[in-house]
Amino acid sequence: MKVLIIGGGGREHAIAVSVIKSEKVDGLYCAPGNAGIGRIARCVPIGVMEFDKIASFAKEKKIDLVIVAPDDPLVAGLTDVLEKEGLRVFGPRKNAAIIEGSKAFSKDLMKKYHIPTADYETFDSAEAACAYLERADFPIVLKADGLALGKGVLICGNLQEAKDAVKAIMLDKQFGSAGNRLVIEEFLTGREVSVLSFVDGKTIKTMTSAQDHKRAGDGDTGLNTGGMGTFSPSPFYTEEIDAFCRKYIYQPTVDAMASEGREFKGVIFFGLMLTEKGPRVLEYNARFGDPETQVVLPRMKNDIIQVMEACIDGKLDEIDLAFEDNAAVCVVLASDGYPVKYEKGYVINGLEKFEGRDSYFCFHAGTKESEGGIVTNGGRVLGITAKGKDLKEARANAYAATQWVSFENKYMRHDIGKAIDDV
């Protein structure tokens, strides 16, 4: 098989590493890819939103499977475009990707089908939103309705903060058109857990749990980012919680989408809050999470191509999804100043130290090839993942491995997995 992966970050590198292990695959391409992916696949300079170019390339190269990894092209309908050209695609169609593309849609879906989530209201005008806030309880959560690179969620501690946030989202368009509508939601407390799942339209098979660290600084301080590190599995995701989620969240979500005429095939990411009253859905994503994928896929025993084809063909019930009985931790190496302002173009040293190691991975996110070697090319540069017999060993291994590589403005959090010590 020839496979084409759409995207160019750490998530896509982790997917590529899994794909290349499949005995079914004898050719791997990535658009646009990055320097790390370029070591195991042929990268082509096509952007993720250049649908016509992607379709033409896939037909020219006789691609057998296209894996669409990022949210933007899924929500904009890349799967539909490629399927019309007779191509086989892993990733939901546009009418199903709306589960991530519109927070108002996903909240309304949960309300209609009694899937446990936070109480909320949706607003189309800043004036109405501010009037509602006058009588709201604080803290409170404000969410831009559309896609905002994982940064369109603001937690506000008082009325003035919330009104300023409404202005920033709806009037100043801090997140562009994503802020045309606004969801205002009750603030939930508890442990956050991420659960990725494969879905074939009717059957859902969950992967191992993970936990992300969104804030830029140690102690969960600073601005929200795309993710500064993850660990898997979550020790807080117990068998009892899993049983509850299977009954009241996972299967009901798949059934709800089918009932709405929006059959979902691909990956659903469940962002959960484990509250005192039980698990609640914080958000849905219509694809693999990043950097969660960088700790989940290295622990998966299955041939990922076999699983993806089962999702496309509606035969996921025939797959026994299995994960290693161990743990993994990922620490993101970022450019100092991320997510606001940072320098690019610094040479990265030490990448060769990961070669030939089974339990250590260096997933490239923001990198590119240059005459002087591989250089930094983004805010999040590398995801350093290590496995271990348990979470503490995996964390120690990951932090040790962060010292193998260096670049001039290297920055990382030093407390990824701190919650492990609370168990």
# chains A, B, ... in the order shown; residues from 1 in each chain; ligands from 1
>>> closest_atom_pairs(of="range 240-277 of chain A", to="range 105-124 of chain A", cutoff="8 Å", atoms="only C-alpha atoms", output="Markdown table")
| residue | atom | partner | partner_atom | distance |
| --- | --- | --- | --- | --- |
| A:Tyr248 | CA | A:Ile115 | CA | 6.3 |
| A:Ile249 | CA | A:Ile115 | CA | 5.7 |
| A:Pro252 | CA | A:Ile115 | CA | 7.1 |
| A:Thr253 | CA | A:Ile115 | CA | 7.4 |
| A:Ala256 | CA | A:Tyr113 | CA | 6.5 |
>>> write_last_selection(atoms="C-alpha atoms", output="PDB file, in the first residue's frame")
ATOM      1  CA  TYR A 248     -23.151   7.225  29.175  1.00  0.00           C
ATOM      2  CA  ILE A 249     -20.590   9.020  26.977  1.00  0.00           C
ATOM      3  CA  PRO A 252     -24.097   7.450  23.159  1.00  0.00           C
ATOM      4  CA  THR A 253     -21.947  10.002  21.272  1.00  0.00           C
ATOM      5  CA  ALA A 256     -26.156  10.424  18.566  1.00  0.00           C
TER       6      ALA A 256
END
>>> select_by_dssp(residues="range 6-69 of chain A", states="alpha helix (DSSP H)", output="PDB file with N, CA, C and O atoms, in the first residue's frame")
ATOM      1  N   GLY A  10       3.962  17.103  15.395  1.00  0.00           N
ATOM      2  CA  GLY A  10       4.365  15.962  16.212  1.00  0.00           C
ATOM      3  C   GLY A  10       3.371  14.819  16.138  1.00  0.00           C
ATOM      4  O   GLY A  10       3.757  13.646  16.139  1.00  0.00           O
ATOM      5  N   ARG A  11       2.091  15.163  16.072  1.00  0.00           N
ATOM      6  CA  ARG A  11       1.048  14.139  15.934  1.00  0.00           C
ATOM      7  C   ARG A  11       1.267  13.336  14.654  1.00  0.00           C
ATOM      8  O   ARG A  11       1.229  12.103  14.662  1.00  0.00           O
ATOM      9  N   GLU A  12       1.513  14.042  13.559  1.00  0.00           N
ATOM     10  CA  GLU A  12       1.699  13.375  12.273  1.00  0.00           C
ATOM     11  C   GLU A  12       2.973  12.523  12.262  1.00  0.00           C
ATOM     12  O   GLU A  12       3.000  11.456  11.639  1.00  0.00           O
ATOM     13  N   HIS A  13       4.011  12.980  12.947  1.00  0.00           N
ATOM     14  CA  HIS A  13       5.240  12.172  13.030  1.00  0.00           C
ATOM     15  C   HIS A  13       4.966  10.879  13.804  1.00  0.00           C
ATOM     16  O   HIS A  13       5.405   9.798  13.401  1.00  0.00           O
ATOM     17  N   ALA A  14       4.198  10.992  14.896  1.00  0.00           N
ATOM     18  CA  ALA A  14       3.853   9.794  15.675  1.00  0.00           C
ATOM     19  C   ALA A  14       3.009   8.828  14.847  1.00  0.00           C
ATOM     20  O   ALA A  14       3.203   7.604  14.911  1.00  0.00           O
ATOM     21  N   ILE A  15       2.067   9.371  14.063  1.00  0.00           N
ATOM     22  CA  ILE A  15       1.248   8.522  13.179  1.00  0.00           C
ATOM     23  C   ILE A  15       2.147   7.852  12.140  1.00  0.00           C
ATOM     24  O   ILE A  15       2.032   6.651  11.878  1.00  0.00           O
ATOM     25  N   ALA A  16       3.072   8.634  11.557  1.00  0.00           N
ATOM     26  CA  ALA A  16       3.967   8.100  10.528  1.00  0.00           C
ATOM     27  C   ALA A  16       4.827   6.959  11.065  1.00  0.00           C
ATOM     28  O   ALA A  16       5.026   5.945  10.382  1.00  0.00           O
ATOM     29  N   VAL A  17       5.324   7.109  12.293  1.00  0.00           N
ATOM     30  CA  VAL A  17       6.147   6.058  12.917  1.00  0.00           C
ATOM     31  C   VAL A  17       5.338   4.772  13.072  1.00  0.00           C
ATOM     32  O   VAL A  17       5.848   3.664  12.866  1.00  0.00           O
ATOM     33  N   SER A  18       4.052   4.910  13.423  1.00  0.00           N
ATOM     34  CA  SER A  18       3.181   3.731  13.535  1.00  0.00           C
ATOM     35  C   SER A  18       2.875   3.137  12.164  1.00  0.00           C
ATOM     36  O   SER A  18       2.872   1.916  11.987  1.00  0.00           O
ATOM     37  N   VAL A  19       2.597   3.999  11.189  1.00  0.00           N
ATOM     38  CA  VAL A  19       2.235   3.538   9.843  1.00  0.00           C
ATOM     39  C   VAL A  19       3.382   2.768   9.195  1.00  0.00           C
ATOM     40  O   VAL A  19       3.170   1.722   8.569  1.00  0.00           O
ATOM     41  N   ILE A  20       4.605   3.281   9.342  1.00  0.00           N
ATOM     42  CA  ILE A  20       5.751   2.673   8.664  1.00  0.00           C
ATOM     43  C   ILE A  20       6.063   1.281   9.214  1.00  0.00           C
ATOM     44  O   ILE A  20       6.720   0.470   8.560  1.00  0.00           O
ATOM     45  N   PHE A  51      -6.722  21.579  -1.104  1.00  0.00           N
ATOM     46  CA  PHE A  51      -7.472  20.352  -1.383  1.00  0.00           C
ATOM     47  C   PHE A  51      -7.258  19.815  -2.797  1.00  0.00           C
ATOM     48  O   PHE A  51      -7.068  18.622  -2.992  1.00  0.00           O
ATOM     49  N   ASP A  52      -7.302  20.707  -3.802  1.00  0.00           N
ATOM     50  CA  ASP A  52      -7.154  20.255  -5.195  1.00  0.00           C
ATOM     51  C   ASP A  52      -5.774  19.649  -5.434  1.00  0.00           C
ATOM     52  O   ASP A  52      -5.642  18.623  -6.114  1.00  0.00           O
ATOM     53  N   LYS A  53      -4.754  20.283  -4.854  1.00  0.00           N
ATOM     54  CA  LYS A  53      -3.381  19.778  -5.027  1.00  0.00           C
ATOM     55  C   LYS A  53      -3.219  18.424  -4.328  1.00  0.00           C
ATOM     56  O   LYS A  53      -2.550  17.529  -4.847  1.00  0.00           O
ATOM     57  N   ILE A  54      -3.831  18.286  -3.145  1.00  0.00           N
ATOM     58  CA  ILE A  54      -3.762  17.008  -2.421  1.00  0.00           C
ATOM     59  C   ILE A  54      -4.416  15.908  -3.257  1.00  0.00           C
ATOM     60  O   ILE A  54      -3.862  14.819  -3.428  1.00  0.00           O
ATOM     61  N   ALA A  55      -5.606  16.198  -3.785  1.00  0.00           N
ATOM     62  CA  ALA A  55      -6.339  15.207  -4.587  1.00  0.00           C
ATOM     63  C   ALA A  55      -5.546  14.821  -5.837  1.00  0.00           C
ATOM     64  O   ALA A  55      -5.431  13.635  -6.175  1.00  0.00           O
ATOM     65  N   SER A  56      -4.980  15.813  -6.526  1.00  0.00           N
ATOM     66  CA  SER A  56      -4.204  15.540  -7.738  1.00  0.00           C
ATOM     67  C   SER A  56      -2.984  14.688  -7.435  1.00  0.00           C
ATOM     68  O   SER A  56      -2.690  13.723  -8.153  1.00  0.00           O
ATOM     69  N   PHE A  57      -2.280  15.029  -6.352  1.00  0.00           N
ATOM     70  CA  PHE A  57      -1.078  14.277  -5.976  1.00  0.00           C
ATOM     71  C   PHE A  57      -1.440  12.833  -5.630  1.00  0.00           C
ATOM     72  O   PHE A  57      -0.769  11.889  -6.061  1.00  0.00           O
ATOM     73  N   ALA A  58      -2.515  12.673  -4.840  1.00  0.00           N
ATOM     74  CA  ALA A  58      -2.915  11.329  -4.409  1.00  0.00           C
ATOM     75  C   ALA A  58      -3.296  10.454  -5.596  1.00  0.00           C
ATOM     76  O   ALA A  58      -2.979   9.257  -5.626  1.00  0.00           O
ATOM     77  N   LYS A  59      -3.964  11.042  -6.587  1.00  0.00           N
ATOM     78  CA  LYS A  59      -4.342  10.262  -7.779  1.00  0.00           C
ATOM     79  C   LYS A  59      -3.117   9.955  -8.641  1.00  0.00           C
ATOM     80  O   LYS A  59      -2.963   8.842  -9.142  1.00  0.00           O
ATOM     81  N   GLU A  60      -2.243  10.940  -8.784  1.00  0.00           N
ATOM     82  CA  GLU A  60      -1.033  10.762  -9.593  1.00  0.00           C
ATOM     83  C   GLU A  60      -0.152   9.632  -9.036  1.00  0.00           C
ATOM     84  O   GLU A  60       0.380   8.812  -9.782  1.00  0.00           O
TER      85      GLU A  60
END
>>> closest_residue(among="A:Asp290, A:Asp303, A:Glu309, A:Glu371", to="Val331 in chain A", atoms="only C-alpha atoms")
A:Asp290
>>> residues_around(residues="Phe363 in chain A", least_positions_apart="5", cutoff="12 Å", atoms="only C-alpha atoms", output="ChimeraX atom specification")
/A:8-18,33-40,290-295,297-298,330-333,351,354-355,380-386,402
>>> atom_distance(atom1="CA of Gly372 in chain A", atom2="CA of Leu28 in chain A")
25.8 Å
>>> residues_around(residues="Val405 in chain A", least_positions_apart="3", cutoff="9 Å", atoms="only C-alpha atoms", output="ChimeraX atom specification")
/A:348-353,401-402
>>> write_last_selection(atoms="all heavy atoms", output="PDB file, in the first residue's frame")
ATOM      1  N   ILE A 348      19.489  22.194  15.603  1.00  0.00           N
ATOM      2  CA  ILE A 348      19.197  21.235  16.672  1.00  0.00           C
ATOM      3  C   ILE A 348      20.298  20.175  16.685  1.00  0.00           C
ATOM      4  O   ILE A 348      20.569  19.536  15.669  1.00  0.00           O
ATOM      5  CB  ILE A 348      17.824  20.563  16.444  1.00  0.00           C
ATOM      6  CG1 ILE A 348      16.719  21.625  16.304  1.00  0.00           C
ATOM      7  CG2 ILE A 348      17.500  19.616  17.598  1.00  0.00           C
ATOM      8  CD1 ILE A 348      15.385  21.062  15.829  1.00  0.00           C
ATOM      9  N   ASN A 349      20.911  19.989  17.840  1.00  0.00           N
ATOM     10  CA  ASN A 349      21.985  19.008  17.994  1.00  0.00           C
ATOM     11  C   ASN A 349      21.529  17.813  18.828  1.00  0.00           C
ATOM     12  O   ASN A 349      20.719  17.975  19.741  1.00  0.00           O
ATOM     13  CB  ASN A 349      23.200  19.657  18.669  1.00  0.00           C
ATOM     14  CG  ASN A 349      23.785  20.776  17.830  1.00  0.00           C
ATOM     15  OD1 ASN A 349      24.201  20.558  16.701  1.00  0.00           O
ATOM     16  ND2 ASN A 349      23.803  21.990  18.381  1.00  0.00           N
ATOM     17  N   GLY A 350      22.060  16.623  18.517  1.00  0.00           N
ATOM     18  CA  GLY A 350      21.834  15.441  19.350  1.00  0.00           C
ATOM     19  C   GLY A 350      20.722  14.518  18.897  1.00  0.00           C
ATOM     20  O   GLY A 350      20.426  13.527  19.557  1.00  0.00           O
ATOM     21  N   LEU A 351      20.089  14.812  17.758  1.00  0.00           N
ATOM     22  CA  LEU A 351      18.953  13.999  17.310  1.00  0.00           C
ATOM     23  C   LEU A 351      19.337  12.543  17.051  1.00  0.00           C
ATOM     24  O   LEU A 351      18.511  11.641  17.213  1.00  0.00           O
ATOM     25  CB  LEU A 351      18.352  14.613  16.033  1.00  0.00           C
ATOM     26  CG  LEU A 351      17.690  15.995  16.207  1.00  0.00           C
ATOM     27  CD1 LEU A 351      17.387  16.609  14.850  1.00  0.00           C
ATOM     28  CD2 LEU A 351      16.431  15.894  17.047  1.00  0.00           C
ATOM     29  N   GLU A 352      20.602  12.327  16.681  1.00  0.00           N
ATOM     30  CA  GLU A 352      21.044  10.962  16.357  1.00  0.00           C
ATOM     31  C   GLU A 352      21.021  10.037  17.570  1.00  0.00           C
ATOM     32  O   GLU A 352      21.020   8.807  17.432  1.00  0.00           O
ATOM     33  CB  GLU A 352      22.460  11.001  15.746  1.00  0.00           C
ATOM     34  CG  GLU A 352      23.576  11.327  16.718  1.00  0.00           C
ATOM     35  CD  GLU A 352      23.672  12.811  17.092  1.00  0.00           C
ATOM     36  OE1 GLU A 352      22.985  13.649  16.460  1.00  0.00           O
ATOM     37  OE2 GLU A 352      24.421  13.125  18.038  1.00  0.00           O
ATOM     38  N   LYS A 353      20.967  10.603  18.773  1.00  0.00           N
ATOM     39  CA  LYS A 353      21.000   9.778  19.987  1.00  0.00           C
ATOM     40  C   LYS A 353      19.730   8.939  20.172  1.00  0.00           C
ATOM     41  O   LYS A 353      19.694   8.021  20.984  1.00  0.00           O
ATOM     42  CB  LYS A 353      21.236  10.661  21.213  1.00  0.00           C
ATOM     43  CG  LYS A 353      22.633  11.273  21.212  1.00  0.00           C
ATOM     44  CD  LYS A 353      22.830  12.263  22.332  1.00  0.00           C
ATOM     45  CE  LYS A 353      24.222  12.900  22.213  1.00  0.00           C
ATOM     46  NZ  LYS A 353      24.412  14.002  23.155  1.00  0.00           N
ATOM     47  N   ALA A 401      16.048  12.043  28.595  1.00  0.00           N
ATOM     48  CA  ALA A 401      16.212  12.142  27.138  1.00  0.00           C
ATOM     49  C   ALA A 401      16.116  13.574  26.623  1.00  0.00           C
ATOM     50  O   ALA A 401      16.661  13.894  25.560  1.00  0.00           O
ATOM     51  CB  ALA A 401      15.178  11.259  26.441  1.00  0.00           C
ATOM     52  N   THR A 402      15.441  14.454  27.374  1.00  0.00           N
ATOM     53  CA  THR A 402      15.383  15.867  26.934  1.00  0.00           C
ATOM     54  C   THR A 402      16.769  16.491  26.924  1.00  0.00           C
ATOM     55  O   THR A 402      16.998  17.499  26.249  1.00  0.00           O
ATOM     56  CB  THR A 402      14.461  16.726  27.825  1.00  0.00           C
ATOM     57  OG1 THR A 402      14.989  16.770  29.164  1.00  0.00           O
ATOM     58  CG2 THR A 402      13.032  16.212  27.837  1.00  0.00           C
TER      59      THR A 402
END
>>> residues_around(residues="Glu318 in chain A", least_positions_apart="6", cutoff="10 Å", atoms="only C-alpha atoms", output="JSON, numbers by chain")
{"A": [203, 307, 310]}
>>> residues_around(residues="range 232-247 of chain A", least_positions_apart="2", cutoff="10 Å", atoms="only C-alpha atoms", output="PyMOL selection string")
chain A and resi 115-116+191-195+204-212+230+249-253+270+272+274+278-281+292-296+299+325-330+387+390-391+394+417+419-420+422-423
